[in-house]
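input_0.cif follows (mmCIF, C-alpha atoms):
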data_run
loop_
_atom_site.label_atom_id
_atom_site.label_comp_id
_atom_site.auth_asym_id
_atom_site.auth_seq_id
_atom_site.Cartn_x
_atom_site.Cartn_y
_atom_site.Cartn_z
CA MET A 1 78.89 10.17 137.17
CA LEU A 2 76.48 12.03 139.44
CA LEU A 3 75.34 14.23 136.56
CA GLU A 4 74.88 11.24 134.28
CA GLN A 5 72.77 9.39 136.85
CA ALA A 6 70.74 12.55 137.53
CA LEU A 7 69.97 12.80 133.81
CA ASN A 8 69.09 9.09 133.71
CA GLY A 9 66.75 9.57 136.65
CA LEU A 10 65.17 12.62 135.03
CA GLN A 11 64.65 10.67 131.80
CA PHE A 12 63.00 7.75 133.59
CA GLY A 13 60.93 10.06 135.79
CA LEU A 14 59.56 12.04 132.84
CA MET A 15 58.50 8.84 131.07
CA LEU A 16 56.80 7.69 134.27
CA PHE A 17 55.00 11.03 134.32
CA LEU A 18 53.56 10.38 130.85
CA LEU A 19 52.14 7.10 132.11
CA ALA A 20 51.03 8.35 135.52
CA ALA A 21 49.35 11.53 134.22
CA GLY A 22 46.68 9.65 132.29
CA LEU A 23 46.32 7.10 135.07
CA THR A 24 45.81 9.70 137.79
CA LEU A 25 43.22 11.62 135.74
CA VAL A 26 41.25 8.46 135.01
CA PHE A 27 41.41 7.52 138.68
CA GLY A 28 40.67 11.04 139.92
CA ILE A 29 37.86 11.98 137.54
CA MET A 30 36.25 8.64 136.77
CA ASP A 31 36.97 7.06 140.18
CA MET A 32 38.08 4.01 138.23
CA ILE A 33 41.01 1.66 138.84
CA ASN A 34 42.31 0.83 135.37
CA LEU A 35 44.76 -2.08 135.35
CA ALA A 36 44.65 -2.05 131.53
CA HIS A 37 46.53 1.26 131.43
CA GLY A 38 49.83 -0.53 130.90
CA SER A 39 48.34 -2.30 127.88
CA LEU A 40 47.89 1.07 126.17
CA TYR A 41 51.61 1.66 126.63
CA MET A 42 52.34 -1.76 125.13
CA VAL A 43 49.97 -1.32 122.18
CA GLY A 44 51.42 2.14 121.48
CA ALA A 45 54.96 0.75 121.45
CA TYR A 46 53.99 -2.07 119.07
CA LEU A 47 52.13 0.28 116.72
CA ILE A 48 55.09 2.67 116.61
CA ALA A 49 57.52 -0.20 115.98
CA SER A 50 55.36 -1.63 113.19
CA ILE A 51 54.77 1.70 111.43
CA THR A 52 58.44 2.57 111.76
CA ALA A 53 59.39 -0.76 110.17
CA ALA A 54 56.85 -0.30 107.36
CA THR A 55 57.81 3.30 106.52
CA GLY A 56 61.47 3.21 107.48
CA ASN A 57 60.90 6.47 109.36
CA TYR A 58 60.80 6.67 113.17
CA TRP A 59 59.01 10.03 113.14
CA TRP A 60 56.10 8.74 111.04
CA GLY A 61 55.93 5.74 113.33
CA LEU A 62 55.83 7.94 116.41
CA LEU A 63 53.13 10.24 114.98
CA PHE A 64 50.76 7.58 113.68
CA GLY A 65 51.50 5.18 116.54
CA VAL A 66 50.49 7.78 119.11
CA MET A 67 47.34 8.55 117.12
CA GLY A 68 46.59 4.83 116.95
CA ALA A 69 47.07 4.44 120.70
CA ALA A 70 44.69 7.36 121.33
CA ALA A 71 42.09 5.86 118.98
CA PHE A 72 42.45 2.45 120.64
CA GLY A 73 42.02 4.02 124.08
CA ALA A 74 38.92 5.98 123.01
CA LEU A 75 37.40 2.85 121.45
CA LEU A 76 38.13 0.85 124.60
CA GLU A 77 36.45 3.51 126.75
CA LEU A 78 33.39 3.82 124.49
CA THR A 79 32.75 0.11 124.12
CA ILE A 80 33.82 -1.52 127.40
CA LEU A 81 35.22 0.65 130.15
CA ARG A 82 32.31 3.04 130.57
CA ARG A 83 30.24 0.06 131.66
CA PHE A 84 32.45 -0.16 134.75
CA TYR A 85 32.08 3.43 135.96
CA GLN A 86 29.14 2.67 138.22
CA ARG A 87 30.57 -0.63 139.44
CA ASP A 88 32.57 -1.11 142.62
CA HIS A 89 36.36 -1.12 142.56
CA LEU A 90 36.57 -4.91 142.75
CA SER A 91 34.58 -5.20 139.52
CA GLN A 92 36.81 -2.58 137.91
CA VAL A 93 39.98 -4.41 138.95
CA LEU A 94 38.70 -7.74 137.64
CA GLY A 95 37.32 -6.25 134.42
CA THR A 96 40.40 -4.23 133.52
CA PHE A 97 42.69 -7.14 134.46
CA ALA A 98 40.74 -9.25 131.98
CA ILE A 99 41.30 -6.54 129.34
CA LEU A 100 45.01 -6.60 130.15
CA LEU A 101 45.16 -10.36 129.54
CA ILE A 102 43.15 -10.03 126.32
CA CYS A 103 45.48 -7.30 125.05
CA ASN A 104 48.52 -9.43 125.85
CA GLU A 105 47.12 -12.37 123.91
CA GLY A 106 45.94 -10.11 121.09
CA VAL A 107 49.43 -8.64 120.72
CA ARG A 108 50.93 -12.14 120.82
CA LEU A 109 48.48 -13.25 118.11
CA ILE A 110 49.29 -10.31 115.82
CA TRP A 111 53.02 -9.77 116.41
CA GLY A 112 54.12 -13.10 117.89
CA SER A 113 55.86 -13.87 121.17
CA GLN A 114 59.30 -12.57 120.24
CA PRO A 115 60.28 -8.95 121.02
CA VAL A 116 59.90 -6.46 118.17
CA ALA A 117 62.80 -4.20 117.24
CA LEU A 118 62.43 -0.43 117.53
CA SER A 119 65.64 1.46 116.82
CA THR A 120 66.51 5.05 117.57
CA PRO A 121 66.40 7.40 114.57
CA ASP A 122 69.74 7.89 112.84
CA SER A 123 69.71 11.60 113.63
CA LEU A 124 69.68 10.81 117.37
CA SER A 125 71.86 7.73 117.45
CA GLY A 126 75.10 9.31 118.67
CA PRO A 127 76.27 11.05 121.84
CA VAL A 128 76.24 14.79 122.42
CA GLU A 129 78.99 16.69 124.23
CA ILE A 130 77.13 18.75 126.84
CA PHE A 131 80.33 20.33 128.12
CA SER A 132 84.01 19.59 127.78
CA GLY A 133 84.63 15.91 128.38
CA PHE A 134 81.01 15.00 129.25
CA TYR A 135 79.02 13.10 126.63
CA TYR A 136 75.41 11.97 126.88
CA ALA A 137 73.19 10.02 124.49
CA SER A 138 71.32 12.37 122.15
CA PHE A 139 68.20 10.17 122.17
CA SER A 140 68.11 10.33 125.98
CA LEU A 141 68.28 14.13 125.79
CA PHE A 142 65.45 13.99 123.26
CA ILE A 143 63.38 11.91 125.70
CA ILE A 144 63.99 14.48 128.45
CA GLY A 145 63.04 17.32 126.10
CA VAL A 146 59.82 15.60 124.99
CA GLY A 147 58.89 14.81 128.59
CA LEU A 148 59.39 18.42 129.70
CA LEU A 149 57.50 19.74 126.65
CA VAL A 150 54.54 17.44 127.29
CA ALA A 151 54.53 18.41 130.98
CA LEU A 152 54.43 22.12 130.08
CA LEU A 153 51.71 21.51 127.49
CA MET A 154 49.62 19.60 130.01
CA TYR A 155 50.11 22.35 132.58
CA TRP A 156 48.87 24.91 130.04
CA VAL A 157 45.86 22.79 129.06
CA ILE A 158 44.90 22.03 132.66
CA THR A 159 45.31 25.61 133.96
CA ARG A 160 44.48 27.80 130.94
CA THR A 161 41.75 26.11 128.88
CA ARG A 162 38.07 25.36 129.32
CA LEU A 163 38.72 21.63 128.96
CA GLY A 164 41.34 21.89 131.70
CA MET A 165 38.87 23.69 133.94
CA GLN A 166 36.37 20.86 133.44
CA VAL A 167 39.06 18.26 134.12
CA ARG A 168 40.08 20.00 137.36
CA ALA A 169 36.45 20.31 138.40
CA GLY A 170 35.82 16.66 137.66
CA ALA A 171 38.90 15.59 139.61
CA ALA A 172 37.97 17.75 142.61
CA ASN A 173 34.22 17.03 142.70
CA ARG A 174 32.69 14.96 139.93
CA GLU A 175 29.09 15.32 141.11
CA MET A 176 29.32 19.12 141.29
CA ALA A 177 30.89 19.24 137.83
CA MET A 178 27.97 17.25 136.45
CA ALA A 179 25.53 19.58 138.20
CA MET A 180 27.25 22.58 136.56
CA GLY A 181 26.59 21.16 133.10
CA VAL A 182 29.86 19.40 132.22
CA ASP A 183 29.29 16.79 129.49
CA VAL A 184 30.74 13.96 131.54
CA PRO A 185 30.66 11.17 128.89
CA LYS A 186 32.58 13.31 126.38
CA LEU A 187 34.98 14.45 129.10
CA PHE A 188 35.65 10.86 130.11
CA THR A 189 36.33 9.83 126.51
CA ALA A 190 38.62 12.83 125.92
CA VAL A 191 40.58 12.18 129.12
CA PHE A 192 40.95 8.50 128.34
CA ALA A 193 42.08 9.18 124.76
CA ALA A 194 44.59 11.75 126.02
CA GLY A 195 45.91 9.28 128.59
CA ALA A 196 46.25 6.61 125.87
CA ALA A 197 48.13 9.09 123.66
CA LEU A 198 50.55 9.82 126.51
CA CYS A 199 51.05 6.07 126.93
CA GLY A 200 51.82 5.89 123.21
CA VAL A 201 54.40 8.66 123.53
CA ALA A 202 56.02 6.81 126.45
CA GLY A 203 56.03 3.59 124.42
CA GLY A 204 57.69 5.34 121.50
CA MET A 205 60.31 6.91 123.76
CA LEU A 206 61.13 3.85 125.86
CA GLY A 207 60.73 1.29 123.06
CA PRO A 208 64.25 1.84 121.68
CA VAL A 209 65.68 1.78 125.22
CA MET A 210 63.74 -1.21 126.57
CA ALA A 211 62.39 -4.27 124.77
CA VAL A 212 59.08 -4.01 122.90
CA GLN A 213 57.53 -7.27 124.03
CA VAL A 214 54.34 -8.88 125.28
CA GLY A 215 53.60 -7.96 128.89
CA MET A 216 55.88 -4.91 128.90
CA GLY A 217 53.10 -2.82 130.44
CA GLU A 218 52.70 -4.74 133.70
CA SER A 219 55.98 -3.86 135.40
CA ILE A 220 55.81 -0.20 134.39
CA LEU A 221 52.16 -0.04 135.53
CA ILE A 222 53.10 -0.94 139.10
CA VAL A 223 55.63 1.89 139.23
CA ALA A 224 53.08 4.27 137.67
CA PHE A 225 50.60 3.41 140.44
CA VAL A 226 53.33 4.20 143.00
CA VAL A 227 53.75 7.61 141.35
CA VAL A 228 49.99 8.25 141.47
CA VAL A 229 49.78 7.32 145.16
CA ILE A 230 52.77 9.48 146.07
CA GLY A 231 51.57 12.50 144.10
CA GLY A 232 47.91 12.33 145.10
CA ILE A 233 45.04 10.90 143.07
CA GLY A 234 43.84 13.27 140.36
CA SER A 235 46.76 15.69 140.64
CA ILE A 236 48.90 16.39 137.57
CA ARG A 237 51.37 18.40 139.67
CA GLY A 238 51.59 15.51 142.10
CA ALA A 239 52.13 13.03 139.26
CA PHE A 240 54.95 15.18 137.87
CA LEU A 241 56.82 15.59 141.15
CA GLY A 242 56.11 12.02 142.23
CA ALA A 243 57.47 10.71 138.92
CA LEU A 244 60.65 12.74 139.27
CA PHE A 245 61.16 11.51 142.85
CA VAL A 246 60.60 7.90 141.86
CA GLY A 247 62.75 8.14 138.72
CA ILE A 248 65.72 9.71 140.49
CA ILE A 249 65.55 7.49 143.58
CA ASP A 250 65.14 4.30 141.53
CA THR A 251 68.06 5.20 139.25
CA ALA A 252 70.30 6.30 142.11
CA GLY A 253 69.49 3.18 144.11
CA ARG A 254 70.31 0.80 141.26
CA THR A 255 73.57 2.66 140.61
CA PHE A 256 74.94 3.34 144.07
CA MET A 257 73.53 0.50 146.20
CA PRO A 258 75.94 -2.08 144.70
CA MET A 259 78.86 0.23 145.57
CA VAL A 260 77.66 0.65 149.15
CA PHE A 261 77.02 -3.06 149.70
CA ALA A 262 80.38 -3.96 148.15
CA GLN A 263 82.05 -2.08 151.01
CA LEU A 264 79.98 -3.85 153.67
CA MET A 265 79.96 -7.52 152.63
CA SER A 266 81.45 -10.07 150.28
CA PRO A 267 81.04 -9.55 146.51
CA ALA A 268 78.68 -12.51 146.18
CA ALA A 269 76.41 -11.33 149.00
CA ALA A 270 76.49 -7.75 147.69
CA ALA A 271 75.51 -8.94 144.20
CA ASN A 272 72.38 -10.53 145.66
CA ALA A 273 71.45 -7.96 148.29
CA ALA A 274 72.05 -4.66 146.47
CA PRO A 275 69.51 -5.13 143.60
CA ALA A 276 66.85 -6.33 146.06
CA VAL A 277 67.29 -3.33 148.36
CA ALA A 278 67.45 -0.93 145.41
CA SER A 279 64.14 -2.22 144.04
CA VAL A 280 62.48 -1.63 147.43
CA LEU A 281 63.50 2.04 147.73
CA ILE A 282 60.56 3.48 145.77
CA TYR A 283 58.10 1.52 147.92
CA LEU A 284 59.81 2.82 151.06
CA LEU A 285 59.38 6.30 149.60
CA MET A 286 55.67 5.64 149.04
CA ALA A 287 55.24 4.31 152.59
CA THR A 288 57.03 7.36 154.02
CA VAL A 289 54.88 9.81 152.05
CA LEU A 290 51.66 8.02 153.03
CA PHE A 291 52.70 7.99 156.70
CA PHE A 292 52.92 11.80 156.79
CA LYS A 293 50.37 12.61 154.03
CA PRO A 294 47.88 9.73 153.67
CA ARG A 295 46.26 11.25 150.56
CA GLY A 296 49.54 11.96 148.77
CA LEU A 297 51.58 15.12 148.28
CA PHE A 298 48.95 17.10 146.33
CA PRO A 299 45.52 15.47 146.74
CA THR A 300 42.64 16.98 144.76
CA HIS A 301 39.85 15.46 146.84
CA GLY A 302 38.85 17.39 149.88
#
Serialized structure, structure tokens:
Amino acid sequence: MLLEQALNGLQFGLMLFLLAAGLTLVFGIMDMINLAHGSLYMVGAYLIASITAATGNYWWGLLFGVMGAAAFGALLELTILRRFYQRDHLSQVLGTFAILLICNEGVRLIWGSQPVALSTPDSLSGPVEIFSGFYYASFSLFIIGVGLLVALLMYWVITRTRLGMQVRAGAANREMAMAMGVDVPKLFTAVFAAGAALCGVAGGMLGPVMAVQVGMGESILIVAFVVVVIGGIGSIRGAFLGALFVGIIDTAGRTFMPMVFAQLMSPAAAANAAPAVASVLIYLLMATVLFFKPRGLFPTHG
């Protein structure tokens, strides 16, 4: 059971990393609070579900859905969001919250209010025997593999390429990066499109596990912000470790808290108290990290 819950926590943490990575780069480089980030996750999931239903092939849906999410994110940045870069954070919060509401209503207008089905591919629909007597869902293992692969790819891009050098420079000191000749508008668009693509990947991975429905981005966005705060704004390494911490602690809390409370109080009281306490654990983790390291585990700003 411990191994199963550890794998569940790793799976959830890696998907949180896909969401938090784009969010932390946008926040770190553009100094912009983007509450519409969860809408990119929602739009990506809907596009993947629709293309999968039209083609009958999950892999085509994942490929073109992610591309569609990236294109939608780039278009959003070019037409609306770049107008908010020079505004204060209150304007950014209000503006991106308005975009979130518009996206929700746009999705409801196109796809309706009912959840949309997105099934796992047939090739990954069964369990896999990891070792004698221990079985785990093959699609969950696929999610873990994709999350680790994307994390390694991002690490290579950020640390080994010219674009990554510009991204790190922009996250550490945006004004100095501009002075050194970095094409900031193109960098912003590229970062935003990449973040939208990662949201699309997360939507395609979590869509078969969770419901593809209107407003699905809001709850996951809150947790992604927790990851960003814990890891340090602008830090990919911080987002990765923060996501793993949050994923494992959240999963362990929801699994083991009911068992602990069942030993301490009546079943009815435990049924009410355990989920509430479990949902608070990640926020206690965030408060603890901020108490000792107010700028997060791996801040990029000096």
Starting from the displayed file, determine the output of the PyMOL selection byres ((chain A and resi 96) around 8) and express the residue list as a list in words.
->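 The output of the PyMOL selection byres ((chain A and resi 96) around 8) on this file is Ile33, Asn34, Leu35, Ala36, Leu81, Gln92, Val93, Leu94, Gly95, Phe97, Ala98, Ile99 and Leu100 of chain A.
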Close residues, Gly217 (chain A) itself excluded, 12 Å, only C-alpha atoms, min 2 positions apart in chain, as JSON, numbers by chain = {"A": [16, 19, 35, 36, 37, 38, 39, 40, 41, 42, 43, 44, 45, 46, 97, 100, 101, 103, 104, 107, 199, 200, 202, 203, 206, 207, 210, 211, 212, 213, 214, 215, 219, 220, 221, 222, 223, 224]}
Distance in Å - CA of Ala243 (chain A) versus CA of Ala21 (chain A) = 9.4 Å
For the atom pair CA of Gly112 (chain A) and CA of Ala54 (chain A), what is the interatomic distance in Å to one decimal place?
-> 16.8 Å
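For the structure in this document, the set picked by the PyMOL selection byres ((chain A and resi 254) around 8) is Asp250, Thr251, Ala252, Gly253, Thr255, Phe256, Met257, Pro258, Ala274, Pro275, Ala278 and Ser279 of chain A.
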Spatial neighbours of Gly13 (chain A), max dist 6 Å, only C-alpha atoms, sep filter under 4 positions, as a ChimeraX atom specification = /A:9,243-244,247
Centre, x/y/z edge lengths, axis-aligned box for region 91-94 of chain A with 8 Å per side, as AutoDock Vina command-line options:
--center_x 37.3 --center_y -5.2 --center_z 138.6 --size_x 21.4 --size_y 21.2 --size_z 17.9
Which residue, A:Ala287, A:Leu3, A:Ala197, A:Leu163, has the smallest gap to Phe64 (chain A) when you use only C-alpha atoms?
-> A:Ala197
Nearest to Val150 (chain A) among A:Val246, A:Leu14, A:Ala269, A:Met67, with distances taken over only C-alpha atoms: which residue is it?
->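 Checking each candidate against Val150 (chain A), we get A:Leu14 as the closest.
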